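Novice: To be precise about what I am sending: the file is called entry-v3.cif and holds mmCIF, C-alpha atoms.
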```
data_structure
loop_
_atom_site.label_atom_id
_atom_site.label_comp_id
_atom_site.auth_asym_id
_atom_site.auth_seq_id
_atom_site.Cartn_x
_atom_site.Cartn_y
_atom_site.Cartn_z
CA MET O 1234 11.42 -5.55 40.09
CA ALA O 1235 11.69 -3.67 36.79
CA VAL O 1236 11.33 0.11 36.96
CA ASP O 1237 9.23 1.83 34.30
CA LEU O 1238 9.54 5.33 32.89
CA ARG O 1239 7.16 6.72 35.52
CA GLY O 1240 9.58 5.61 38.22
CA VAL O 1241 12.50 7.35 36.51
CA ALA O 1242 10.44 10.54 36.11
CA ALA O 1243 9.39 10.47 39.79
CA GLU O 1244 13.00 9.96 40.87
CA CYS O 1245 14.03 13.14 39.02
CA GLY O 1246 10.92 15.17 39.77
CA VAL O 1247 10.02 15.65 36.09
CA SER O 1248 7.06 14.63 33.95
CA VAL O 1249 6.98 11.31 32.09
CA ALA O 1250 7.06 13.21 28.81
CA THR O 1251 10.18 15.13 29.87
CA ALA O 1252 11.89 11.92 31.02
CA SER O 1253 11.10 10.30 27.67
CA ARG O 1254 12.49 13.27 25.74
CA ALA O 1255 15.63 13.29 27.88
CA LEU O 1256 16.33 9.60 27.27
CA ASN O 1257 15.78 10.08 23.53
CA GLY O 1258 18.18 13.03 23.38
CA SER O 1259 15.58 15.65 22.49
CA PRO O 1260 17.00 19.21 22.09
CA ARG O 1261 13.87 20.49 23.88
CA VAL O 1262 15.34 19.30 27.22
CA SER O 1263 18.24 21.01 28.98
CA ALA O 1264 21.59 19.27 29.25
CA ASP O 1265 21.30 19.20 33.04
CA THR O 1266 17.91 17.47 32.90
CA VAL O 1267 19.19 14.94 30.36
CA ARG O 1268 22.11 14.15 32.67
CA ARG O 1269 19.89 13.74 35.76
CA VAL O 1270 17.34 11.55 33.97
CA ARG O 1271 19.97 9.28 32.44
CA GLU O 1272 21.79 8.90 35.74
CA ALA O 1273 18.49 8.00 37.42
CA ALA O 1274 17.70 5.49 34.69
CA ASP O 1275 21.09 3.82 35.16
CA ARG O 1276 20.76 3.86 38.94
CA LEU O 1277 17.28 2.31 38.87
CA GLY O 1278 18.11 -0.21 36.13
CA TYR O 1279 15.50 1.18 33.75
CA ARG O 1280 15.28 -0.48 30.33
CA PRO O 1281 13.06 1.00 27.59
CA ASN O 1282 10.24 -1.17 26.28
CA ALA O 1283 11.40 -2.16 22.81
CA SER O 1284 7.94 -3.27 21.68
CA ALA O 1285 6.36 0.01 22.72
CA ARG O 1286 9.12 1.99 21.05
CA ALA O 1287 8.64 0.00 17.84
CA LEU O 1288 4.93 0.83 17.88
CA ARG O 1289 5.69 4.55 18.32
CA THR O 1290 8.45 4.79 15.76
CA SER O 1291 7.69 1.88 13.37
CA ARG O 1292 11.34 0.90 13.92
CA SER O 1293 12.23 -2.19 15.94
CA ARG O 1294 15.99 -1.92 15.26
CA PHE O 1295 16.36 -5.68 15.00
CA VAL O 1296 16.81 -8.07 12.09
CA GLY O 1297 16.81 -11.83 11.70
CA LEU O 1298 19.39 -14.34 10.51
CA VAL O 1299 17.78 -17.67 9.60
CA VAL O 1300 20.21 -20.54 8.90
CA THR O 1301 19.78 -24.25 8.27
CA ASN O 1302 22.49 -25.39 10.73
CA LEU O 1303 25.53 -24.40 12.75
CA VAL O 1304 27.57 -27.48 11.84
CA ASN O 1305 28.93 -25.48 8.94
CA VAL O 1306 31.74 -23.30 10.29
CA SER O 1307 31.23 -20.77 7.50
CA PHE O 1308 27.79 -20.02 8.94
CA HIS O 1309 29.47 -19.18 12.27
CA VAL O 1310 31.74 -16.68 10.55
CA ILE O 1311 28.86 -15.20 8.56
CA ALA O 1312 26.71 -14.85 11.70
CA GLU O 1313 29.52 -13.07 13.58
CA VAL O 1314 30.21 -10.65 10.74
CA VAL O 1315 26.53 -9.86 10.11
CA GLN O 1316 25.92 -9.31 13.85
CA GLN O 1317 28.93 -7.00 14.14
CA ARG O 1318 28.07 -4.89 11.11
CA LEU O 1319 24.44 -4.53 12.17
CA ALA O 1320 25.45 -3.62 15.72
CA GLU O 1321 27.67 -0.84 14.36
CA GLN O 1322 24.52 0.66 12.83
CA GLY O 1323 22.42 0.24 15.99
CA TYR O 1324 20.65 -3.02 15.10
CA GLN O 1325 20.33 -6.25 17.05
CA MET O 1326 20.37 -9.64 15.34
CA VAL O 1327 18.08 -12.55 16.21
CA LEU O 1328 19.42 -15.97 15.14
CA SER O 1329 17.11 -18.85 14.17
CA VAL O 1330 18.42 -22.34 13.32
CA THR O 1331 15.89 -24.37 11.33
CA GLY O 1332 17.65 -27.70 10.85
CA GLY O 1333 16.61 -27.50 7.21
CA ASP O 1334 12.97 -28.00 8.22
CA ALA O 1335 10.57 -26.03 6.00
CA ALA O 1336 7.95 -25.65 8.77
CA GLN O 1337 10.53 -24.25 11.22
CA GLU O 1338 11.82 -21.88 8.58
CA LEU O 1339 8.33 -20.56 7.91
CA GLU O 1340 7.66 -20.19 11.64
CA ALA O 1341 10.93 -18.29 12.15
CA LEU O 1342 10.03 -15.78 9.44
CA ARG O 1343 6.54 -15.27 10.85
CA MET O 1344 7.97 -14.73 14.33
CA LEU O 1345 10.30 -12.07 12.97
CA ALA O 1346 7.42 -10.35 11.19
CA ASP O 1347 5.22 -10.52 14.31
CA HIS O 1348 7.93 -8.69 16.25
CA SER O 1349 8.36 -6.00 13.58
CA ALA O 1350 11.76 -7.14 12.35
CA GLU O 1351 13.13 -4.69 9.81
CA GLY O 1352 14.76 -7.31 7.60
CA VAL O 1353 16.18 -10.82 7.40
CA VAL O 1354 19.15 -12.72 5.99
CA VAL O 1355 18.12 -16.25 5.03
CA VAL O 1356 20.24 -19.34 4.35
CA GLY O 1357 17.88 -21.86 2.82
CA ALA O 1358 14.34 -20.68 2.11
CA ASP O 1359 11.95 -23.30 0.76
CA ALA O 1360 9.15 -22.17 -1.54
CA PRO O 1361 6.56 -21.57 1.25
CA ALA O 1362 9.04 -19.38 3.14
CA ILE O 1363 9.87 -17.36 0.03
CA ASP O 1364 6.19 -16.83 -0.68
CA GLU O 1365 5.76 -15.65 2.92
CA LEU O 1366 8.68 -13.24 2.61
CA ARG O 1367 7.13 -11.79 -0.53
CA ARG O 1368 3.72 -11.48 1.15
CA LEU O 1369 5.21 -9.75 4.19
CA ALA O 1370 7.31 -7.43 2.00
CA LEU O 1371 10.14 -7.93 4.51
CA PRO O 1372 13.54 -6.74 3.20
CA ALA O 1373 15.53 -9.92 2.64
CA VAL O 1374 18.89 -11.21 1.47
CA HIS O 1375 19.25 -14.84 0.38
CA LEU O 1376 22.65 -16.24 1.34
CA ALA O 1377 24.53 -19.20 -0.20
CA ARG O 1378 21.49 -20.53 -2.08
CA ARG O 1379 19.44 -18.89 -4.82
CA PRO O 1380 15.71 -19.71 -4.82
CA ASP O 1381 13.85 -20.02 -8.12
CA ARG O 1382 11.98 -16.78 -7.36
CA PRO O 1383 14.05 -14.76 -4.87
CA ALA O 1384 12.29 -12.42 -2.45
CA GLY O 1385 15.42 -10.25 -2.18
CA ASP O 1386 19.05 -9.93 -3.18
CA CYS O 1387 21.16 -13.10 -3.41
CA VAL O 1388 24.74 -13.38 -2.09
CA LEU O 1389 26.31 -16.51 -3.56
CA VAL O 1390 29.72 -18.13 -3.94
CA ASP O 1391 31.39 -18.51 -7.32
CA ASP O 1392 30.94 -22.25 -6.85
CA LEU O 1393 31.44 -23.20 -10.48
CA THR O 1394 34.96 -21.76 -10.46
CA GLY O 1395 35.78 -23.09 -7.00
CA ALA O 1396 34.98 -26.72 -7.81
CA ARG O 1397 36.53 -26.42 -11.26
CA ASP O 1398 39.80 -25.12 -9.79
CA ALA O 1399 39.89 -27.91 -7.19
CA THR O 1400 39.33 -30.59 -9.83
CA ALA O 1401 41.93 -29.01 -12.11
CA HIS O 1402 44.43 -29.04 -9.24
CA LEU O 1403 43.92 -32.78 -8.72
CA ALA O 1404 44.05 -33.52 -12.44
CA GLY O 1405 47.22 -31.45 -12.70
CA LEU O 1406 48.87 -33.77 -10.18
CA GLY O 1407 48.13 -36.67 -12.51
CA HIS O 1408 44.87 -38.02 -11.07
CA ARG O 1409 42.34 -39.59 -13.43
CA ARG O 1410 40.05 -41.35 -10.95
CA ILE O 1411 38.69 -38.30 -9.11
CA ALA O 1412 35.61 -38.85 -6.92
CA VAL O 1413 33.25 -36.15 -5.72
CA VAL O 1414 31.02 -36.09 -2.64
CA CYS O 1415 28.51 -33.34 -3.37
CA GLY O 1416 25.33 -31.81 -1.99
CA PRO O 1417 21.74 -32.22 -3.16
CA GLN O 1418 21.00 -31.08 -6.69
CA THR O 1419 17.91 -29.21 -5.50
CA VAL O 1420 20.01 -26.29 -4.18
CA THR O 1421 22.28 -23.85 -5.98
CA SER O 1422 25.55 -24.84 -4.34
CA GLY O 1423 24.92 -28.56 -4.86
CA ARG O 1424 24.26 -28.12 -8.56
CA GLU O 1425 27.02 -25.61 -9.29
CA ARG O 1426 29.77 -27.43 -7.42
CA LEU O 1427 29.00 -30.66 -9.27
CA ALA O 1428 28.94 -28.71 -12.55
CA GLY O 1429 32.33 -27.19 -11.71
CA TYR O 1430 33.74 -30.65 -10.99
CA ARG O 1431 32.52 -31.85 -14.37
CA LEU O 1432 34.04 -28.85 -16.14
CA GLY O 1433 37.34 -29.55 -14.40
CA LEU O 1434 37.30 -33.11 -15.68
CA GLN O 1435 36.48 -31.93 -19.20
CA ASP O 1436 39.30 -29.37 -19.12
CA ALA O 1437 41.74 -32.17 -18.25
CA GLY O 1438 40.32 -34.61 -20.79
CA VAL O 1439 39.21 -37.00 -18.03
CA ALA O 1440 36.07 -39.09 -18.50
CA GLU O 1441 33.48 -38.93 -15.72
CA ALA O 1442 32.77 -42.20 -13.89
CA ALA O 1443 29.22 -42.38 -12.54
CA GLU O 1444 30.26 -44.56 -9.59
CA LEU O 1445 32.58 -41.77 -8.39
CA VAL O 1446 29.83 -39.13 -8.20
CA LEU O 1447 28.02 -39.27 -4.84
CA PRO O 1448 25.38 -36.56 -4.26
CA GLY O 1449 23.47 -36.42 -0.99
CA PRO O 1450 22.32 -34.25 1.92
CA PHE O 1451 24.47 -31.69 3.72
CA THR O 1452 25.33 -34.02 6.63
CA PRO O 1453 28.41 -35.70 8.14
CA ALA O 1454 26.55 -39.00 7.78
CA HIS O 1455 26.49 -38.60 4.01
CA GLY O 1456 30.24 -37.93 3.94
CA ARG O 1457 30.93 -41.04 6.01
CA ALA O 1458 28.63 -43.23 3.91
CA ALA O 1459 30.13 -41.92 0.65
CA VAL O 1460 33.66 -42.81 1.77
CA GLY O 1461 32.45 -46.30 2.67
CA ARG O 1462 31.01 -46.77 -0.82
CA LEU O 1463 34.20 -45.57 -2.50
CA LEU O 1464 36.45 -47.82 -0.42
CA ALA O 1465 34.18 -50.79 -1.16
CA LEU O 1466 34.87 -50.52 -4.90
CA PRO O 1467 37.28 -53.05 -6.45
CA ALA O 1468 40.87 -51.83 -6.11
CA ARG O 1469 41.30 -50.90 -9.78
CA ARG O 1470 38.11 -48.79 -9.72
CA ARG O 1471 38.75 -46.89 -6.51
CA PRO O 1472 39.54 -43.18 -6.78
CA THR O 1473 43.02 -41.82 -6.24
CA ALA O 1474 41.61 -38.37 -5.42
CA LEU O 1475 38.51 -37.08 -3.63
CA LEU O 1476 36.75 -33.72 -3.70
CA VAL O 1477 34.25 -33.14 -0.87
CA THR O 1478 32.17 -30.15 -1.90
CA ASN O 1479 30.47 -29.24 1.38
CA HIS O 1480 31.69 -28.65 4.89
CA GLU O 1481 29.12 -30.86 6.61
CA ALA O 1482 30.00 -33.93 4.55
CA ALA O 1483 33.72 -33.32 5.18
CA PHE O 1484 33.12 -33.74 8.92
CA GLY O 1485 32.06 -37.30 8.18
CA ALA O 1486 34.43 -38.11 5.32
CA LEU O 1487 37.72 -37.13 7.00
CA PRO O 1488 37.21 -39.26 10.16
CA ALA O 1489 36.01 -42.16 8.00
CA LEU O 1490 39.22 -42.07 5.97
CA HIS O 1491 41.28 -41.90 9.15
CA GLU O 1492 39.44 -44.82 10.75
CA ALA O 1493 39.88 -46.91 7.59
CA GLY O 1494 43.63 -46.30 7.69
CA VAL O 1495 43.70 -44.61 4.28
CA ASP O 1496 47.07 -42.98 3.60
CA VAL O 1497 46.42 -39.34 2.66
CA PRO O 1498 47.88 -38.30 0.25
CA GLY O 1499 49.89 -41.46 -0.46
CA ARG O 1500 46.86 -43.52 -1.40
CA LEU O 1501 44.19 -40.83 -1.76
CA SER O 1502 44.52 -37.08 -2.30
CA VAL O 1503 41.77 -35.01 -0.68
CA VAL O 1504 40.35 -31.52 -1.26
CA CYS O 1505 37.48 -30.17 0.87
CA TYR O 1506 35.21 -27.17 0.48
CA GLU O 1507 35.25 -24.33 3.03
CA ASP O 1508 38.09 -23.57 5.40
CA ALA O 1509 38.17 -23.93 9.19
CA GLU O 1510 40.71 -24.37 11.96
CA ILE O 1511 40.18 -28.12 11.89
CA MET O 1512 41.30 -28.22 8.25
CA ARG O 1513 44.63 -26.70 9.26
CA TRP O 1514 45.02 -28.94 12.32
CA TRP O 1515 44.04 -32.19 10.60
CA HIS O 1516 46.89 -34.55 9.75
CA PRO O 1517 47.81 -34.00 7.06
CA ALA O 1518 46.54 -30.42 6.76
CA VAL O 1519 43.70 -30.36 4.24
CA THR O 1520 43.71 -28.49 0.93
CA VAL O 1521 40.50 -26.46 0.74
CA VAL O 1522 38.37 -24.28 -1.50
CA ASP O 1523 37.96 -21.20 0.70
CA ILE O 1524 34.60 -19.53 0.04
CA ASN O 1525 35.46 -16.31 1.94
CA PRO O 1526 32.54 -16.38 4.42
CA ALA O 1527 33.58 -13.11 6.07
CA GLU O 1528 33.22 -11.33 2.72
CA MET O 1529 29.82 -12.98 2.25
CA GLY O 1530 28.69 -11.72 5.66
CA GLU O 1531 29.96 -8.20 4.95
CA LEU O 1532 28.13 -8.08 1.63
CA ALA O 1533 24.89 -9.55 3.01
CA ALA O 1534 24.82 -7.05 5.89
CA ARG O 1535 25.50 -4.09 3.57
CA LEU O 1536 22.80 -5.10 1.09
CA LEU O 1537 20.23 -5.63 3.83
CA LEU O 1538 20.98 -2.28 5.46
CA GLU O 1539 20.67 -0.57 2.08
CA ARG O 1540 17.20 -2.09 1.66
CA ILE O 1541 16.13 -1.18 5.20
CA THR O 1542 17.35 2.42 5.05
CA GLY O 1543 16.14 3.03 1.50
CA ALA O 1544 19.63 3.50 0.06
CA ARG O 1545 18.62 0.68 -2.28
CA PRO O 1546 14.85 1.00 -2.63
CA GLY O 1547 12.64 -2.04 -2.21
CA THR O 1548 11.31 -1.43 -5.71
CA THR O 1549 14.76 -2.14 -7.16
CA ARG O 1550 14.83 -5.56 -8.74
CA PRO O 1551 16.68 -8.15 -6.60
CA GLY O 1552 20.29 -8.58 -7.65
CA GLU O 1553 22.70 -11.51 -7.60
CA PHE O 1554 26.17 -11.00 -6.13
CA ARG O 1555 29.00 -13.54 -6.27
CA VAL O 1556 31.92 -13.87 -3.86
CA GLY O 1557 35.09 -15.40 -5.30
CA THR O 1558 36.80 -18.55 -4.02
CA HIS O 1559 40.45 -19.32 -3.33
CA LEU O 1560 42.20 -22.70 -3.47
CA THR O 1561 44.39 -23.04 -0.37
CA VAL O 1562 46.92 -25.81 -1.06
CA ARG O 1563 48.12 -27.82 1.92
CA ALA O 1564 49.56 -31.30 2.51
CA SER O 1565 46.57 -33.52 1.65
CA CYS O 1566 47.27 -33.69 -2.08
CA GLY O 1567 50.02 -35.40 -4.06
CA ALA O 1568 50.65 -37.47 -7.14
CA PRO O 1569 48.57 -40.63 -7.59
CA PRO O 1570 50.08 -43.87 -6.29
CA ARG O 1571 51.93 -46.00 -8.81
#
```
Step by step, read the file and then write its structure as C-alpha cells.
Specialist:
Amino acid sequence: MAVDLRGVAAECGVSVATASRALNGSPRVSADTVRRVREAADRLGYRPNASARALRTSRSRFVGLVVTNLVNVSFHVIAEVVQQRLAEQGYQMVLSVTGGDAAQELEALRMLADHSAEGVVVVGADAPAIDELRRLALPAVHLARRPDRPAGDCVLVDDLTGARDATAHLAGLGHRRIAVVCGPQTVTSGRERLAGYRLGLQDAGVAEAAELVLPGPFTPAHGRAAVGRLLALPARRRPTALLVTNHEAAFGALPALHEAGVDVPGRLSVVCYEDAEIMRWWHPAVTVVDINPAEMGELAARLLLERITGARPGTTRPGEFRVGTHLTVRASCGAPPR
C-alpha cells in the first residue's frame, strides 16, 4: 500500500509541512531533519504526487513526443536523444504513436494538455492538431515536417540537397534511367525529396520519365508495390538505378528486390534514405542519404527547452532550422549494365 506524506511525517515525528519542506530541499529545515525525512521516505517507498505538485507549482516537469510511427529507425534515434536531453534537465518524456491518424494525434495533444505537459515535439501534425496546439499555447517543435502554419519552431532535414546529391551520385556512375520511390506530396519531406531528385536529373542533363516516379504513403507496402511496378516494365524501359526516399518504403523495396532475384548493383544500383544497422548488414551494404537523426533530436530538445524556460520567449516568431545530410557510399551502387 502506497505511503503518503502524512505517513513519512509521522515516521519522523515532524509536521507534514516540515516533511514537505525537507523533501523539497528547503533551507528552512535543518540538515539532520532533511536526512531523517529522506531516509524515511526511501524506507517507506514514498513517491510524491506529481499531479498535486504540478497544481502547486504550475510545473509538471514532463513533455510529450508525438510521432506517426516507430517503423522509421530515425524516429527511434530521435526519441532516445530527446528523452536523454530532457532527463538531464529534470524532465520526463511521454511518447505517443499515432499511426498517422489525425484523430489519434489530436487526442494525444489534448491528453498532454490535460496533464499539464510543459511542451511537445511533434512529428506529423495535421491541421486540426496544429490549430489545437495554437489554442492551447503549448510550446511546440515540429520535427521532420513543416505544417503550412506552424505552431512552433520547425526542425527539418535539408532534403532538397540530400536527394539531389543521391541522384547526382547515380548519374555520375553513368545511369540515365533513374527511378524514385518517394513519399506523399502533401508533406514537406515528400515534396522536397522529389524536387531534389528532379534537380539532380537536371544537373546531369537527364530527362525525367514519368513512369519512373512513384509517390505514395510512408509504408513498406508502397516500397514493395513500387518495385513490382518497375520490374514489370518492358526491359528497355526498366531503371538501372533506384532512389528510395523514405525509410519505411525501403523496408518493402529491399526485400522485394531480393525476392525477385535482382542483382544489386549489377542490374540495379540502389540508394536509400536514412541510415540504420540493417543498411550496413544488407547484402550488398546499401548506400544511404544519412539525415543525422541524433542532431535533429539534439536541436529539437534544445529549442523546446528554450521555449519552456523562457530563454526563447513564446512571443518570438517560430523559426525553421535545417539539419544537413551526408551521402554514405557503400556497395549497392555501380555502373549501369551494358
Novice: For the PyMOL selection byres ((chain O and resi 1241-1249) around 12), applied here, can you spell out every residue it catches as an mmCIF file with C-alpha atoms, in the coordinates of the input?
Specialist:
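Okay, this is what ended up in result_6.cif:
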```cif
data_model
loop_
_atom_site.group_PDB
_atom_site.id
_atom_site.type_symbol
_atom_site.label_atom_id
_atom_site.label_comp_id
_atom_site.auth_asym_id
_atom_site.auth_seq_id
_atom_site.Cartn_x
_atom_site.Cartn_y
_atom_site.Cartn_z
ATOM 1 C CA ALA O 1235 11.690 -3.670 36.790
ATOM 2 C CA VAL O 1236 11.330 0.110 36.960
ATOM 3 C CA ASP O 1237 9.230 1.830 34.300
ATOM 4 C CA LEU O 1238 9.540 5.330 32.890
ATOM 5 C CA ARG O 1239 7.160 6.720 35.520
ATOM 6 C CA GLY O 1240 9.580 5.610 38.220
ATOM 7 C CA ALA O 1250 7.060 13.210 28.810
ATOM 8 C CA THR O 1251 10.180 15.130 29.870
ATOM 9 C CA ALA O 1252 11.890 11.920 31.020
ATOM 10 C CA SER O 1253 11.100 10.300 27.670
ATOM 11 C CA ARG O 1254 12.490 13.270 25.740
ATOM 12 C CA ALA O 1255 15.630 13.290 27.880
ATOM 13 C CA LEU O 1256 16.330 9.600 27.270
ATOM 14 C CA VAL O 1262 15.340 19.300 27.220
ATOM 15 C CA ASP O 1265 21.300 19.200 33.040
ATOM 16 C CA THR O 1266 17.910 17.470 32.900
ATOM 17 C CA VAL O 1267 19.190 14.940 30.360
ATOM 18 C CA ARG O 1268 22.110 14.150 32.670
ATOM 19 C CA ARG O 1269 19.890 13.740 35.760
ATOM 20 C CA VAL O 1270 17.340 11.550 33.970
ATOM 21 C CA ARG O 1271 19.970 9.280 32.440
ATOM 22 C CA GLU O 1272 21.790 8.900 35.740
ATOM 23 C CA ALA O 1273 18.490 8.000 37.420
ATOM 24 C CA ALA O 1274 17.700 5.490 34.690
ATOM 25 C CA ASP O 1275 21.090 3.820 35.160
ATOM 26 C CA ARG O 1276 20.760 3.860 38.940
ATOM 27 C CA LEU O 1277 17.280 2.310 38.870
ATOM 28 C CA GLY O 1278 18.110 -0.210 36.130
ATOM 29 C CA TYR O 1279 15.500 1.180 33.750
ATOM 30 C CA ARG O 1280 15.280 -0.480 30.330
ATOM 31 C CA PRO O 1281 13.060 1.000 27.590
#
```
Novice: Check what the PyMOL selection byres ((chain O and resi 1324) around 10) selects in the file above and give those residues as an MDAnalysis selection string.
Specialist: chainID O and resid 1293:1296 1316:1323 1325:1327 1351 1538
Novice: Mind writing the picked residues with C-alpha atoms as a CSV table (one decimal), in the coordinates of the input?
Specialist:
```csv
chain,number,residue,atom,x,y,z
O,1293,SER,CA,12.2,-2.2,15.9
O,1294,ARG,CA,16.0,-1.9,15.3
O,1295,PHE,CA,16.4,-5.7,15.0
O,1296,VAL,CA,16.8,-8.1,12.1
O,1316,GLN,CA,25.9,-9.3,13.8
O,1317,GLN,CA,28.9,-7.0,14.1
O,1318,ARG,CA,28.1,-4.9,11.1
O,1319,LEU,CA,24.4,-4.5,12.2
O,1320,ALA,CA,25.4,-3.6,15.7
O,1321,GLU,CA,27.7,-0.8,14.4
O,1322,GLN,CA,24.5,0.7,12.8
O,1323,GLY,CA,22.4,0.2,16.0
O,1325,GLN,CA,20.3,-6.2,17.0
O,1326,MET,CA,20.4,-9.6,15.3
O,1327,VAL,CA,18.1,-12.6,16.2
O,1351,GLU,CA,13.1,-4.7,9.8
O,1538,LEU,CA,21.0,-2.3,5.5
```
Novice: Within 8 Å of O:Val1562, counting all atoms listed in the file, which residues qualify if same-chain residues fewer than 5 places away don't, as a ChimeraX atom specification?
Specialist: /O:1519-1521
Novice: So which one's closest to O:Ala1404, O:Ala1483, O:Val1299, O:Leu1432, O:Ala1509? Using all atoms listed in the file, please.
Specialist: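 Looking only at the distances to O:Ala1404, the closest residue turns out to be O:Leu1432.
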Novice: Please list as a list in words every residue within 9 Å of O:Ala1442, counting all atoms listed in the file and excluding residues in the same chain fewer than 6 positions away.
Specialist: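 My list of contacting residues is Arg1410, Ile1411 and Ala1412 of chain O.
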Novice: Once you have the residues from the selection above, write them out as an mmCIF file, in the frame of the given file, restricted to C-alpha atoms.
Specialist:
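out07.cif, freshly written:
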```
data_model
loop_
_atom_site.group_PDB
_atom_site.id
_atom_site.type_symbol
_atom_site.label_atom_id
_atom_site.label_comp_id
_atom_site.auth_asym_id
_atom_site.auth_seq_id
_atom_site.Cartn_x
_atom_site.Cartn_y
_atom_site.Cartn_z
ATOM 1 C CA ARG O 1410 40.050 -41.350 -10.950
ATOM 2 C CA ILE O 1411 38.690 -38.300 -9.110
ATOM 3 C CA ALA O 1412 35.610 -38.850 -6.920
#
```
Novice: Could you check which of O:Gly1567, O:Gly1297, O:Pro1260, O:Pro1417 is closest to O:Leu1475, using all atoms listed in the file?
Specialist: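 When distances to O:Leu1475 are compared using all atoms listed in the file, the smallest one comes from O:Gly1567.
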